[in-house]
>>> print(open('query_30.txt').read())   # compact mmCIF, C-alpha atoms and all ligand atoms
# COMPACT_ATOMS: atom_id res chain seq x y z
CA MET A 1 -51.06 -29.75 -4.17
CA ALA A 2 -49.43 -29.68 -0.75
CA GLU A 3 -47.94 -26.29 0.05
CA THR A 4 -44.13 -26.07 0.02
CA LEU A 5 -43.50 -24.53 3.41
CA ASN A 6 -39.88 -25.59 3.67
CA ILE A 7 -38.03 -22.57 2.31
CA LEU A 8 -34.94 -24.64 1.59
CA GLU A 9 -37.02 -26.59 -0.90
CA SER A 10 -38.42 -23.35 -2.35
CA ALA A 11 -34.94 -21.86 -2.74
CA ARG A 12 -33.63 -25.02 -4.39
CA LEU A 13 -36.57 -25.10 -6.83
CA GLU A 14 -35.79 -21.60 -8.09
CA ILE A 15 -32.04 -22.22 -8.27
CA LYS A 16 -32.60 -25.42 -10.22
CA LYS A 17 -34.94 -23.64 -12.64
CA ALA A 18 -32.32 -20.97 -13.36
CA CYS A 19 -29.46 -23.48 -13.74
CA ASN A 20 -31.54 -25.50 -16.22
CA LEU A 21 -32.56 -22.45 -18.21
CA LEU A 22 -28.93 -21.35 -18.48
CA LYS A 23 -27.88 -24.93 -19.30
CA LEU A 24 -25.11 -24.74 -16.72
CA ASN A 25 -22.74 -27.52 -15.79
CA PRO A 26 -24.73 -29.78 -13.37
CA ALA A 27 -21.95 -29.25 -10.82
CA CYS A 28 -23.19 -25.66 -10.42
CA TYR A 29 -26.55 -26.73 -9.01
CA ASP A 30 -24.94 -29.51 -6.98
CA ILE A 31 -22.72 -26.95 -5.28
CA LEU A 32 -25.42 -24.29 -4.83
CA LYS A 33 -28.12 -26.59 -3.46
CA ASP A 34 -26.28 -26.87 -0.13
CA PRO A 35 -24.08 -24.53 1.88
CA LEU A 36 -20.33 -25.15 1.67
CA ARG A 37 -20.18 -25.12 5.47
CA VAL A 38 -22.80 -25.31 8.20
CA MET A 39 -22.38 -25.16 11.96
CA GLU A 40 -24.96 -26.33 14.45
CA THR A 41 -24.16 -25.56 18.06
CA SER A 42 -25.76 -25.78 21.49
CA LEU A 43 -25.29 -22.77 23.72
CA PRO A 44 -25.61 -23.19 27.50
CA VAL A 45 -26.50 -19.79 28.96
CA LYS A 46 -26.84 -18.72 32.62
CA MET A 47 -30.26 -17.16 33.08
CA ASP A 48 -31.14 -14.40 35.56
CA ASP A 49 -32.86 -16.87 37.91
CA GLY A 50 -29.65 -18.92 38.26
CA SER A 51 -30.78 -21.75 35.97
CA THR A 52 -28.95 -22.74 32.79
CA LYS A 53 -30.83 -22.88 29.52
CA VAL A 54 -29.49 -24.45 26.34
CA PHE A 55 -30.16 -22.71 23.01
CA LYS A 56 -29.83 -24.24 19.53
CA ALA A 57 -27.85 -22.07 17.14
CA TYR A 58 -26.64 -22.20 13.55
CA ARG A 59 -24.39 -20.49 11.05
CA SER A 60 -24.44 -21.37 7.40
CA ALA A 61 -21.71 -20.27 4.98
CA HIS A 62 -23.33 -20.95 1.64
CA ASN A 63 -20.73 -20.02 -0.94
CA TRP A 64 -17.49 -18.03 -1.05
CA ALA A 65 -16.61 -18.05 -4.74
CA LEU A 66 -17.26 -14.29 -4.98
CA GLY A 67 -15.84 -13.31 -1.60
CA PRO A 68 -16.30 -13.78 2.14
CA CYS A 69 -19.71 -14.98 3.30
CA LYS A 70 -22.10 -12.27 4.40
CA GLY A 71 -25.45 -12.25 6.10
CA GLY A 72 -27.45 -11.61 9.22
CA VAL A 73 -28.12 -13.52 12.42
CA ARG A 74 -31.73 -13.81 13.56
CA PHE A 75 -33.20 -14.55 16.96
CA HIS A 76 -36.54 -16.30 16.51
CA GLU A 77 -38.37 -19.21 18.09
CA ASN A 78 -38.85 -20.93 14.71
CA VAL A 79 -35.23 -20.79 13.56
CA SER A 80 -34.21 -24.13 12.04
CA LEU A 81 -31.25 -25.55 10.17
CA ASP A 82 -33.14 -25.63 6.85
CA GLU A 83 -34.31 -22.06 7.29
CA VAL A 84 -30.80 -20.79 7.93
CA LYS A 85 -29.46 -22.75 4.95
CA ALA A 86 -32.10 -21.26 2.63
CA LEU A 87 -31.56 -17.75 3.92
CA SER A 88 -27.82 -18.10 3.33
CA MET A 89 -28.49 -19.17 -0.28
CA TRP A 90 -30.57 -16.07 -0.81
CA MET A 91 -27.68 -13.99 0.56
CA SER A 92 -25.34 -15.45 -2.10
CA LEU A 93 -27.89 -14.45 -4.72
CA LYS A 94 -28.30 -10.91 -3.34
CA ALA A 95 -24.55 -10.34 -3.50
CA GLY A 96 -24.47 -11.86 -7.00
CA LEU A 97 -27.20 -9.48 -8.16
CA LEU A 98 -25.60 -6.39 -6.68
CA ASN A 99 -22.11 -7.16 -8.00
CA ILE A 100 -20.65 -6.94 -4.50
CA PRO A 101 -17.69 -9.12 -3.50
CA TYR A 102 -19.44 -11.52 -1.13
CA GLY A 103 -20.84 -14.97 -0.86
CA GLY A 104 -23.87 -15.77 1.27
CA GLY A 105 -24.06 -16.52 4.96
CA LYS A 106 -26.77 -16.60 7.59
CA GLY A 107 -27.11 -17.51 11.22
CA GLY A 108 -29.80 -17.91 13.78
CA ILE A 109 -30.54 -18.74 17.38
CA CYS A 110 -33.73 -20.49 18.32
CA THR A 111 -35.29 -18.21 20.94
CA ASP A 112 -38.06 -15.70 21.52
CA PRO A 113 -35.98 -12.69 22.58
CA SER A 114 -39.01 -10.87 24.01
CA GLU A 115 -38.83 -13.39 26.85
CA LEU A 116 -35.18 -12.63 27.64
CA SER A 117 -33.73 -9.85 29.78
CA ASP A 118 -31.04 -7.55 28.37
CA ARG A 119 -28.42 -9.45 30.34
CA GLU A 120 -29.63 -12.80 29.03
CA ILE A 121 -29.49 -11.44 25.47
CA GLU A 122 -25.92 -10.31 26.10
CA ASN A 123 -24.92 -13.71 27.54
CA LEU A 124 -26.56 -15.51 24.61
CA SER A 125 -24.92 -13.24 22.01
CA ARG A 126 -21.47 -13.77 23.54
CA ALA A 127 -22.02 -17.55 23.80
CA TYR A 128 -22.94 -17.64 20.10
CA ILE A 129 -19.71 -15.91 19.10
CA ARG A 130 -17.63 -18.19 21.37
CA SER A 131 -19.10 -21.19 19.58
CA ILE A 132 -18.37 -20.06 16.00
CA TYR A 133 -15.69 -17.34 16.13
CA LYS A 134 -13.01 -19.44 14.41
CA TYR A 135 -15.10 -19.34 11.26
CA LEU A 136 -15.79 -15.59 11.33
CA GLY A 137 -13.61 -12.74 10.10
CA GLU A 138 -13.69 -9.75 7.79
CA ARG A 139 -12.29 -12.00 5.03
CA ILE A 140 -14.14 -15.17 6.09
CA ASP A 141 -17.72 -14.68 7.18
CA ILE A 142 -19.31 -11.39 8.24
CA PRO A 143 -22.51 -11.41 10.31
CA ALA A 144 -25.03 -8.55 10.50
CA PRO A 145 -28.45 -7.89 12.05
CA ASP A 146 -31.54 -9.76 10.90
CA MET A 147 -34.91 -10.46 12.51
CA ASN A 148 -34.88 -9.35 16.20
CA THR A 149 -31.19 -8.46 16.25
CA ASN A 150 -29.71 -4.97 16.07
CA GLY A 151 -26.67 -2.78 16.66
CA LYS A 152 -26.62 -3.67 20.33
CA VAL A 153 -26.32 -7.38 19.56
CA MET A 154 -23.60 -6.59 16.97
CA SER A 155 -21.69 -4.71 19.71
CA TYR A 156 -21.69 -7.80 21.97
CA PHE A 157 -20.66 -9.94 19.00
CA LEU A 158 -17.78 -7.59 18.15
CA ASP A 159 -16.58 -7.27 21.73
CA GLU A 160 -16.58 -11.02 22.32
CA TYR A 161 -14.93 -11.69 18.98
CA GLU A 162 -12.11 -9.22 19.62
CA LYS A 163 -11.52 -10.64 23.12
CA LEU A 164 -11.12 -14.11 21.63
CA ASN A 165 -8.75 -12.76 18.98
CA GLY A 166 -6.26 -11.08 21.29
CA GLU A 167 -8.01 -7.69 21.21
CA LYS A 168 -7.22 -7.26 17.51
CA GLN A 169 -9.58 -4.59 16.16
CA ASP A 170 -11.20 -6.27 13.18
CA ILE A 171 -14.36 -4.19 13.20
CA GLY A 172 -15.23 -5.17 9.63
CA THR A 173 -16.07 -8.67 10.91
CA PHE A 174 -19.56 -7.42 11.73
CA THR A 175 -21.81 -4.87 10.04
CA GLY A 176 -24.92 -3.11 11.24
CA LYS A 177 -22.87 -1.80 14.17
CA PRO A 178 -23.75 1.36 16.07
CA LEU A 179 -22.04 4.46 14.65
CA VAL A 180 -19.49 4.83 17.45
CA LEU A 181 -18.26 1.30 16.83
CA GLY A 182 -17.69 1.85 13.11
CA GLY A 183 -21.25 1.57 11.81
CA SER A 184 -22.41 3.35 8.68
CA LEU A 185 -24.97 6.09 8.45
CA GLY A 186 -28.00 4.80 6.58
CA ARG A 187 -27.46 1.13 7.52
CA ASN A 188 -30.34 0.87 9.97
CA GLU A 189 -32.85 2.19 7.45
CA ALA A 190 -31.17 0.63 4.39
CA THR A 191 -33.50 -2.31 3.73
CA GLY A 192 -36.67 -0.20 3.88
CA PHE A 193 -35.03 2.56 1.85
CA GLY A 194 -34.10 -0.04 -0.78
CA VAL A 195 -37.62 -1.50 -0.82
CA VAL A 196 -38.82 1.98 -1.74
CA VAL A 197 -36.15 2.36 -4.48
CA ALA A 198 -37.43 -0.94 -5.93
CA THR A 199 -41.06 0.14 -5.55
CA LYS A 200 -40.47 3.44 -7.37
CA PHE A 201 -38.62 1.64 -10.16
CA ALA A 202 -41.45 -0.88 -10.62
CA CYS A 203 -44.11 1.86 -10.45
CA GLN A 204 -42.45 3.60 -13.37
CA LYS A 205 -42.48 0.39 -15.37
CA LEU A 206 -46.13 -0.32 -14.54
CA ASP A 207 -47.36 3.25 -14.81
CA ILE A 208 -48.47 3.42 -11.19
CA ASN A 209 -48.51 6.88 -9.70
CA LEU A 210 -47.14 6.53 -6.16
CA ALA A 211 -49.07 9.56 -4.90
CA ASP A 212 -52.49 8.01 -5.70
CA ALA A 213 -51.55 4.38 -5.18
CA LYS A 214 -53.47 2.24 -2.72
CA ILE A 215 -50.77 0.58 -0.62
CA GLY A 216 -50.74 -2.15 2.02
CA ILE A 217 -47.76 -3.10 4.17
CA GLN A 218 -47.49 -6.29 6.21
CA GLY A 219 -45.14 -5.91 9.18
CA PHE A 220 -43.75 -2.99 11.14
CA GLY A 221 -40.30 -4.26 12.05
CA ASN A 222 -37.10 -2.75 10.68
CA VAL A 223 -38.10 -3.35 7.04
CA GLY A 224 -41.82 -2.51 7.22
CA SER A 225 -41.37 0.62 9.30
CA PHE A 226 -38.66 2.18 7.11
CA SER A 227 -40.52 1.18 3.94
CA LEU A 228 -43.51 3.08 5.29
CA LYS A 229 -41.36 6.08 6.24
CA TYR A 230 -39.68 6.40 2.84
CA LEU A 231 -42.92 5.81 0.96
CA LEU A 232 -44.43 8.72 2.87
CA ASP A 233 -41.32 10.83 2.13
CA ASN A 234 -41.94 10.08 -1.55
CA GLY A 235 -45.48 11.42 -1.43
CA ALA A 236 -47.40 8.17 -0.90
CA LYS A 237 -50.26 7.65 1.54
CA ILE A 238 -50.47 4.38 3.50
CA GLN A 239 -53.89 3.42 4.80
CA TYR A 240 -53.47 -0.31 5.40
CA LEU A 241 -51.15 -2.22 7.69
CA CYS A 242 -51.14 -5.87 8.66
CA ILE A 243 -49.55 -6.48 12.04
CA HIS A 244 -48.53 -9.24 14.40
CA ASP A 245 -51.39 -10.00 16.83
CA ARG A 246 -50.87 -12.86 19.28
CA LYS A 247 -54.58 -12.94 20.10
CA SER A 248 -55.82 -13.47 16.55
CA PRO A 249 -56.03 -17.14 15.39
CA SER A 250 -53.86 -16.41 12.33
CA GLY A 251 -51.40 -14.39 14.43
CA LEU A 252 -52.20 -11.31 12.36
CA SER A 253 -54.69 -8.50 12.17
CA GLY A 254 -55.18 -5.47 9.98
CA LEU A 255 -55.26 -1.74 10.69
CA TYR A 256 -56.98 0.87 8.54
CA SER A 257 -56.46 4.61 8.75
CA LYS A 258 -58.67 6.76 6.53
CA GLU A 259 -56.38 9.77 6.65
CA GLY A 260 -53.23 7.62 6.30
CA PHE A 261 -50.66 6.52 8.88
CA SER A 262 -47.96 8.74 10.30
CA TYR A 263 -44.53 7.11 10.72
CA GLU A 264 -43.82 9.15 13.85
CA GLN A 265 -47.08 8.14 15.57
CA LEU A 266 -46.69 4.47 14.72
CA SER A 267 -43.07 4.26 15.84
CA ALA A 268 -43.67 6.20 19.07
CA TYR A 269 -46.55 3.86 19.93
CA TYR A 270 -44.56 0.77 18.98
CA GLN A 271 -41.62 1.87 21.07
CA ASP A 272 -43.81 2.25 24.17
CA HIS A 273 -46.02 -0.83 23.71
CA LYS A 274 -43.88 -3.26 21.64
CA THR A 275 -47.01 -3.95 19.58
CA LEU A 276 -49.45 -1.99 17.40
CA VAL A 277 -52.48 -4.12 18.33
CA ASP A 278 -54.30 -1.33 20.18
CA PHE A 279 -52.89 1.55 18.12
CA PRO A 280 -55.50 4.24 18.76
CA ASN A 281 -55.48 6.18 15.45
CA ALA A 282 -56.77 3.32 13.31
CA VAL A 283 -59.70 0.96 12.83
CA LYS A 284 -58.98 -2.72 13.35
CA ILE A 285 -59.84 -4.95 10.38
CA SER A 286 -59.37 -8.68 9.88
CA ASP A 287 -56.23 -9.95 8.18
CA THR A 288 -58.51 -11.61 5.58
CA LYS A 289 -59.89 -8.19 4.71
CA PHE A 290 -56.35 -6.84 4.48
CA TRP A 291 -55.25 -9.54 2.02
CA SER A 292 -58.42 -9.09 -0.09
CA GLU A 293 -58.04 -5.33 -0.60
CA LYS A 294 -57.51 -4.13 -4.17
CA PHE A 295 -54.08 -2.62 -3.60
CA ASP A 296 -51.91 -1.18 -6.30
CA ILE A 297 -48.89 -2.09 -4.20
CA LEU A 298 -48.55 -4.74 -1.50
CA ILE A 299 -45.37 -5.00 0.56
CA PRO A 300 -45.06 -8.17 2.65
CA ALA A 301 -42.32 -7.23 5.12
CA ALA A 302 -42.80 -9.72 7.96
CA ILE A 303 -41.77 -13.35 7.72
CA GLU A 304 -41.44 -16.19 5.21
CA ASN A 305 -44.48 -18.08 3.91
CA SER A 306 -46.89 -15.25 4.81
CA ILE A 307 -48.61 -15.58 1.43
CA THR A 308 -49.78 -19.16 0.94
CA SER A 309 -51.90 -20.31 -2.00
CA GLU A 310 -55.03 -19.79 0.08
CA ILE A 311 -54.11 -16.13 0.60
CA ALA A 312 -52.80 -15.73 -2.97
CA LYS A 313 -56.28 -16.60 -4.29
CA LYS A 314 -57.68 -13.57 -2.42
CA ILE A 315 -54.99 -11.16 -3.58
CA GLN A 316 -56.02 -8.64 -6.25
CA VAL A 317 -53.02 -6.35 -6.52
CA LYS A 318 -50.89 -5.02 -9.37
CA LEU A 319 -47.48 -5.10 -7.73
CA ILE A 320 -45.91 -6.99 -4.83
CA VAL A 321 -42.55 -5.86 -3.49
CA GLU A 322 -41.05 -8.50 -1.19
CA GLY A 323 -39.59 -6.75 1.84
CA ALA A 324 -39.26 -10.01 3.78
CA ASN A 325 -37.19 -13.01 2.69
CA GLY A 326 -39.36 -15.73 1.13
CA PRO A 327 -42.80 -14.27 1.98
CA ILE A 328 -44.55 -16.12 -0.90
CA THR A 329 -44.69 -19.91 -1.20
CA PRO A 330 -43.87 -21.39 -4.66
CA GLU A 331 -47.52 -22.44 -5.12
CA ALA A 332 -48.78 -18.97 -4.21
CA ASP A 333 -46.19 -17.53 -6.59
CA GLU A 334 -47.69 -19.57 -9.45
CA ILE A 335 -51.20 -18.34 -8.66
CA LEU A 336 -50.03 -14.74 -8.56
CA LYS A 337 -48.14 -15.18 -11.82
CA ASP A 338 -51.30 -16.56 -13.48
CA ASN A 339 -53.15 -13.50 -12.20
CA ASN A 340 -50.55 -11.19 -13.76
CA VAL A 341 -49.29 -9.80 -10.49
CA VAL A 342 -45.80 -8.32 -10.94
CA ILE A 343 -43.50 -9.39 -8.10
CA ILE A 344 -40.21 -7.75 -7.24
CA PRO A 345 -38.52 -10.66 -5.45
CA ASP A 346 -36.86 -10.54 -2.06
CA ILE A 347 -33.32 -11.06 -3.33
CA LEU A 348 -33.68 -7.84 -5.29
CA ALA A 349 -36.18 -5.77 -3.29
CA ASN A 350 -34.65 -6.24 0.16
CA SER A 351 -31.01 -6.30 -0.90
CA GLY A 352 -30.46 -2.74 0.38
CA GLY A 353 -29.48 -4.07 3.80
CA VAL A 354 -26.53 -6.10 2.60
CA LEU A 355 -25.60 -3.37 0.11
CA VAL A 356 -25.16 -0.78 2.86
CA SER A 357 -23.45 -3.45 4.99
CA TYR A 358 -20.95 -3.65 2.15
CA TYR A 359 -20.50 0.14 2.31
CA GLU A 360 -19.95 -0.17 6.06
CA TRP A 361 -17.27 -2.82 5.51
CA VAL A 362 -15.59 -0.63 2.85
CA GLN A 363 -15.64 2.36 5.22
CA ASN A 364 -14.13 0.17 7.96
CA GLN A 365 -11.24 -0.78 5.65
CA TYR A 366 -10.73 2.89 4.73
CA GLY A 367 -11.19 4.24 8.24
CA TYR A 368 -13.04 7.09 6.52
CA TYR A 369 -16.78 7.61 6.81
CA TRP A 370 -19.41 8.96 4.43
CA ASP A 371 -22.36 11.23 5.20
CA ILE A 372 -25.91 9.93 4.86
CA LYS A 373 -26.45 11.69 1.54
CA GLU A 374 -23.48 9.90 0.01
CA VAL A 375 -24.61 6.52 1.38
CA GLN A 376 -28.17 6.86 0.12
CA GLU A 377 -27.16 8.26 -3.28
CA LYS A 378 -24.81 5.31 -3.77
CA GLN A 379 -27.48 2.88 -2.57
CA GLU A 380 -30.11 4.26 -4.93
CA LYS A 381 -27.72 4.16 -7.89
CA ASP A 382 -26.44 0.63 -7.20
CA MET A 383 -29.93 -0.75 -6.65
CA GLN A 384 -31.23 0.90 -9.81
CA THR A 385 -28.39 -0.71 -11.77
CA ALA A 386 -29.35 -4.13 -10.38
CA LEU A 387 -33.05 -3.51 -11.05
CA LYS A 388 -32.34 -2.46 -14.63
CA ARG A 389 -30.17 -5.51 -15.20
CA VAL A 390 -32.86 -7.86 -13.88
CA PHE A 391 -35.67 -6.26 -15.91
CA GLU A 392 -33.51 -6.57 -19.05
CA THR A 393 -32.85 -10.23 -18.26
CA ALA A 394 -36.60 -10.80 -17.81
CA ASP A 395 -37.17 -9.36 -21.29
CA LYS A 396 -34.33 -11.31 -22.85
CA TYR A 397 -35.40 -14.72 -21.49
CA GLN A 398 -39.15 -13.94 -21.35
CA VAL A 399 -39.36 -14.94 -17.69
CA SER A 400 -40.75 -13.42 -14.49
CA ILE A 401 -38.75 -10.86 -12.53
CA ARG A 402 -38.06 -13.52 -9.87
CA GLU A 403 -36.68 -15.95 -12.45
CA ALA A 404 -34.65 -13.15 -14.03
CA ALA A 405 -33.16 -12.21 -10.65
CA TYR A 406 -32.04 -15.79 -10.04
CA ILE A 407 -30.58 -16.02 -13.55
CA THR A 408 -28.66 -12.76 -13.17
CA ALA A 409 -27.19 -13.74 -9.81
CA ILE A 410 -26.38 -17.35 -10.65
CA LYS A 411 -24.58 -16.39 -13.88
CA ARG A 412 -22.06 -14.41 -11.86
CA ILE A 413 -21.56 -17.04 -9.16
CA ASP A 414 -21.21 -19.73 -11.85
CA GLU A 415 -18.52 -17.69 -13.61
CA ALA A 416 -16.57 -17.25 -10.36
CA MET A 417 -16.79 -20.97 -9.52
CA GLN A 418 -15.61 -21.93 -13.03
CA LEU A 419 -12.70 -19.50 -12.91
CA ARG A 420 -11.65 -20.96 -9.58
CA GLY A 421 -11.61 -24.36 -11.23
CA TRP A 422 -14.38 -25.84 -9.08
CA TYR A 423 -15.73 -27.57 -12.20
N1 LIG B 1 -30.17 -9.54 7.25
C1 LIG B 1 -30.14 -8.78 6.04
C2 LIG B 1 -30.62 -9.62 4.86
O1 LIG B 1 -31.36 -10.57 5.02
C3 LIG B 1 -28.82 -8.07 5.81
C4 LIG B 1 -27.59 -8.90 5.86
C5 LIG B 1 -26.30 -8.11 5.90
O2 LIG B 1 -26.33 -6.90 6.04
O3 LIG B 1 -25.25 -8.74 5.79
O4 LIG B 1 -30.36 -9.32 3.73
>>> encode(input="query_30.txt", output="structure tokens", more="lines below")
Ligand code: GLU
Amino acid sequence: MAETLNILESARLEIKKACNLLKLNPACYDILKDPLRVMETSLPVKMDDGSTKVFKAYRSAHNWALGPCKGGVRFHENVSLDEVKALSMWMSLKAGLLNIPYGGGKGGICTDPSELSDREIENLSRAYIRSIYKYLGERIDIPAPDMNTNGKVMSYFLDEYEKLNGEKQDIGTFTGKPLVLGGSLGRNEATGFGVVVATKFACQKLDINLADAKIGIQGFGNVGSFSLKYLLDNGAKIQYLCIHDRKSPSGLSGLYSKEGFSYEQLSAYYQDHKTLVDFPNAVKISDTKFWSEKFDILIPAAIENSITSEIAKKIQVKLIVEGANGPITPEADEILKDNNVVIIPDILANSGGVLVSYYEWVQNQYGYYWDIKEVQEKQEKDMQTALKRVFETADKYQVSIREAAYITAIKRIDEAMQLRGWY
């Protein structure tokens, strides 16, 4: 069977499955299979050498039955319209699962930001907002960071947006902002923190003791690095990492540390070198060896389609917690299911980012800010509620955790669309 590498197709497959199982009005799937609004723009940007380069950019507003659209903006050379559409669908589902008042949105600019100067990144960020600002707003569509974007990019977005809107201070139009611009404590680390909440929950269900578990993490970006940090804080030891390596044919290689990695050492090295390829306190292993290890817990926290059916056949783990969005192809998912691997799906496992974005938005409306303890206690509690609900749904319908997560989320979106009289 040919591998489904188009994540829009993968997302639609799962949505369709859930709609059929729930015997929903066919209009529900017809609405959810595409975003309600999509923008595709071309951004001419003045580069440092005086030339002008044109960048392709997108913003997809998938559904607003439950509230304003919400979701990140990524800068990546492979960004495409279909990818952004699929990612925005997954955002609708995350909000549906968490019972937060949002629909899904997602945006992206096709670029490799490591090749841009700070000034070029600023010019590009401002150009993006100029092209779509009429369709953004704290009650319309609320962007946030995603792959290769951060608080600095959100600051340019916010500044440009407010300029275009007569200097009106609508800081809740963006989340993932730096603290001085109305950001929330705990937002930067929220996705990784949430991955660990999900991991601990699943470990309890599967009787895995985190302290003796053999764990592998793929990726050391925002999600991978904070997942590693909070796993260590919870008494785990991490000996295996799979990292981005431009020189390897697969683009990946593995790192092994007998005594276990230190978060501080890895992040200090990464900050200086922008890569972990020659990280000195580890032995380099092949990515094939990484995928074949008998882990108790595997956390893919890099990019979509990392686990294809070829890789899935090598995998011998008990639990996979999806830190990235869409890291497993549908065919690989089937293989893993046949091999009894329990998978906590992306829309549940990595939903901590949008959850704390919601807290940031609430704090912006209040003008009153919480301490980190309050943020993380709320996050843990809200994610546990969602996890419990999904596990109960899996039992009730006798389906996988992924299928149960889709069912749980779609039920709520379907109810909102019906009440609004959309069908
Ligand atoms: N980019 C994150 C995600 O994929 C967070 C989005 C947000 O905070 O709105 O879930």
>>> closest_residue(input="query_30.txt", among="A:Gln363, A:Ser60, A:Asn209, A:Asn188", to="ligand LIG 1 (chain B)", atoms="all atoms listed in the file")
A:Asn188
>>> residues_near_ligand(input="query_30.txt", ligand="ligand LIG 1 (chain B)", cutoff="9 Å", atoms="only C-alpha atoms and all ligand atoms", output="PyMOL selection string")
chain A and resi 69-74+87-88+90-91+94+104-106+142-147+174-176+187+191+324-325+346-347+350-358
>>> atom_distance(input="query_30.txt", atom1="CA of Ser248 in chain A", atom2="CA of Tyr269 in chain A")
19.9 Å
>>> residues_around(input="query_30.txt", residues="Gly326 in chain A", least_positions_apart="6", cutoff="8 Å", atoms="all atoms listed in the file", output="PDB file with C-alpha atoms, keeping the file's coordinate frame")
ATOM      1  CA  ILE A   7     -38.030 -22.570   2.310  1.00  0.00           C
ATOM      2  CA  ILE A 303     -41.770 -13.350   7.720  1.00  0.00           C
ATOM      3  CA  GLU A 304     -41.440 -16.190   5.210  1.00  0.00           C
ATOM      4  CA  ASN A 305     -44.480 -18.080   3.910  1.00  0.00           C
ATOM      5  CA  ASP A 346     -36.860 -10.540  -2.060  1.00  0.00           C
TER       6      ASP A 346
END
>>> residues_around(input="query_30.txt", residues="range 364-375 of chain A", least_positions_apart="4", cutoff="7 Å", atoms="only C-alpha atoms", output="count of residues only")
7
>>> atom_distance(input="query_30.txt", atom1="CA of Phe193 in chain A", atom2="CA of Gly224 in chain A")
10.0 Å
>>> closest_residue(input="query_30.txt", among="A:Gly251, A:Gly221, A:Gly216, A:Gly50", to="Ile315 in chain A", atoms="all atoms listed in the file")
A:Gly216
>>> atom_distance(input="query_30.txt", atom1="CA of Ile335 in chain A", atom2="CA of Asp34 in chain A")
27.7 Å
>>> decode(input="query_30.txt", residues="range 329-340 of chain A", atoms="N, CA, C and O atoms", output="mmCIF file, in the first residue's frame")
data_model
loop_
_atom_site.group_PDB
_atom_site.id
_atom_site.type_symbol
_atom_site.label_atom_id
_atom_site.label_comp_id
_atom_site.auth_asym_id
_atom_site.auth_seq_id
_atom_site.Cartn_x
_atom_site.Cartn_y
_atom_site.Cartn_z
ATOM 1 N N THR A 329 2.188 8.029 10.188
ATOM 2 C CA THR A 329 1.296 7.931 9.026
ATOM 3 C C THR A 329 0.151 6.952 9.351
ATOM 4 O O THR A 329 0.305 6.094 10.234
ATOM 5 N N PRO A 330 -0.984 7.033 8.639
ATOM 6 C CA PRO A 330 -2.094 6.115 8.934
ATOM 7 C C PRO A 330 -1.688 4.643 8.787
ATOM 8 O O PRO A 330 -2.125 3.797 9.568
ATOM 9 N N GLU A 331 -0.832 4.343 7.803
ATOM 10 C CA GLU A 331 -0.414 2.949 7.607
ATOM 11 C C GLU A 331 0.463 2.488 8.774
ATOM 12 O O GLU A 331 0.327 1.367 9.270
ATOM 13 N N ALA A 332 1.356 3.357 9.216
ATOM 14 C CA ALA A 332 2.212 3.028 10.361
ATOM 15 C C ALA A 332 1.337 2.851 11.607
ATOM 16 O O ALA A 332 1.579 1.961 12.437
ATOM 17 N N ASP A 333 0.321 3.677 11.723
ATOM 18 C CA ASP A 333 -0.584 3.608 12.866
ATOM 19 C C ASP A 333 -1.250 2.227 12.938
ATOM 20 O O ASP A 333 -1.369 1.639 14.017
ATOM 21 N N GLU A 334 -1.656 1.703 11.771
ATOM 22 C CA GLU A 334 -2.269 0.365 11.724
ATOM 23 C C GLU A 334 -1.288 -0.700 12.209
ATOM 24 O O GLU A 334 -1.643 -1.584 12.977
ATOM 25 N N ILE A 335 -0.044 -0.611 11.722
ATOM 26 C CA ILE A 335 0.966 -1.601 12.112
ATOM 27 C C ILE A 335 1.178 -1.564 13.626
ATOM 28 O O ILE A 335 1.214 -2.588 14.301
ATOM 29 N N LEU A 336 1.275 -0.353 14.158
ATOM 30 C CA LEU A 336 1.516 -0.213 15.600
ATOM 31 C C LEU A 336 0.327 -0.732 16.401
ATOM 32 O O LEU A 336 0.489 -1.355 17.453
ATOM 33 N N LYS A 337 -0.870 -0.473 15.873
ATOM 34 C CA LYS A 337 -2.078 -0.959 16.550
ATOM 35 C C LYS A 337 -2.065 -2.498 16.585
ATOM 36 O O LYS A 337 -2.306 -3.098 17.629
ATOM 37 N N ASP A 338 -1.714 -3.112 15.438
ATOM 38 C CA ASP A 338 -1.640 -4.581 15.394
ATOM 39 C C ASP A 338 -0.606 -5.114 16.374
ATOM 40 O O ASP A 338 -0.721 -6.233 16.867
ATOM 41 N N ASN A 339 0.431 -4.312 16.625
ATOM 42 C CA ASN A 339 1.485 -4.759 17.547
ATOM 43 C C ASN A 339 1.206 -4.325 18.994
ATOM 44 O O ASN A 339 2.115 -4.314 19.823
ATOM 45 N N ASN A 340 -0.032 -3.912 19.235
ATOM 46 C CA ASN A 340 -0.471 -3.535 20.591
ATOM 47 C C ASN A 340 0.291 -2.383 21.227
ATOM 48 O O ASN A 340 0.456 -2.331 22.446
#
